[in-house]
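Visitor: This is the structure, below, for whatever I ask next.
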Amino acid sequence: MKKQIFLSLCLLMALTVHSQSWRTEADSLMLNHVLADKVSYVDIYTFPEMLTSTDTIFSVDGYAIPVPYTNCIGYFVNLMPFANWAHPCKYC
């Protein structure tokens with residue numbers, strides 16, 4: 001029983017470390033390649049949890065955006081940080 005608990009804790013820790021490395025790699029890819037030319041004038045926010053294909057993102061106007069992948073990290077990119085509501089943005 002103690003071995004099972006220990007192995008379960010080790011597996012949980014390994015999954016946590018692995019998912020954190022995914023987030024770090026995704027952040028680097030987003031900042032250095034996808035949005036490299038826009039980083040200086042946009043605000044980029046990361047969704048706090050991994051998104052799954054069963055999740056849906058709802059925009060302010062009620063538009064539903066289905067998540068296209070089984071597991072992914074989501075980003076909200078505010079293209080006009082100092083504008084009021086209803087201005088261009090991106091979900092990546």
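So you can find residues: chains in the structure tokens are A, B, ... in the order shown, residues in each start at 1, and ligands are numbered from 1 in order.
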Just list the residues in range 7-89 of chain A DSSP gives strand (DSSP E) on the backbone, as a PyMOL selection string.
Guide: chain A and resi 43-46+51-52+56-58+64-66+71-72+75-78+89
Visitor: Using only C-alpha atoms, can you tell me which of A:Tyr75, A:Tyr63, A:Trp85, A:Tyr91 comes closest to Glu49 in chain A?
Guide: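 Residue with the minimum atom-to-atom distance to Glu49 in chain A: A:Tyr75.
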Visitor: Would you pick out the contacts of Ile65 in chain A at 12 Å or less, using only C-alpha atoms, so that residues sharing its chain but fewer than 3 positions from it are not included, and give the list as an NGL selection string?
Guide: :A and (53-62 or 68 or 74 or 90-92)
Visitor: Let me see the file: selected residues, C-alpha atoms, as a compact mmCIF listing (two decimals), in the first residue's frame.
Guide:
```txt
# COMPACT_ATOMS: atom_id res chain seq x y z
CA SER A 53 -11.72 20.04 -26.59
CA THR A 54 -14.75 20.02 -24.27
CA ASP A 55 -14.13 23.66 -23.25
CA THR A 56 -15.71 26.66 -24.94
CA ILE A 57 -14.47 30.25 -24.77
CA PHE A 58 -17.17 32.91 -24.79
CA SER A 59 -16.38 36.40 -26.04
CA VAL A 60 -17.93 39.51 -24.49
CA ASP A 61 -20.60 39.64 -27.18
CA GLY A 62 -21.57 36.01 -26.49
CA PRO A 68 -9.95 22.89 -31.42
CA GLY A 74 -4.80 29.30 -24.44
CA LYS A 90 -7.10 37.40 -30.66
CA TYR A 91 -7.45 34.06 -28.98
CA CYS A 92 -4.49 31.77 -29.63
```
Visitor: Mind pulling up the distance from CA of His87 in chain A to CA of Arg23 in chain A?
Guide: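 That distance, rounded to one decimal, is 27.5 Å.
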Visitor: Between A:Phe76, A:Phe47, A:Tyr69, A:Trp22, which one has atoms that come closest to Leu35 in chain A, using only C-alpha atoms?
Guide: A:Phe76
Visitor: Counting only C-alpha atoms, which residue out of A:Asp27, A:Thr46, A:Tyr41, A:Asn32 sits closest to Pro81 in chain A?
Guide: A:Tyr41
Visitor: Identify, with DSSP run on backbone atoms, the residues in range 27-89 of chain A assigned to helix (DSSP H, G or I), and express the list as a ChimeraX atom specification.
Guide: /A:27-34
Visitor: In terms of the shortest atom-to-atom distance over only C-alpha atoms, which of A:Ala26, A:Val77, A:Leu51, A:Cys89 is closest to Val39 in chain A?
Guide: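 Counting only C-alpha atoms, the residue closest to Val39 in chain A is A:Val77.
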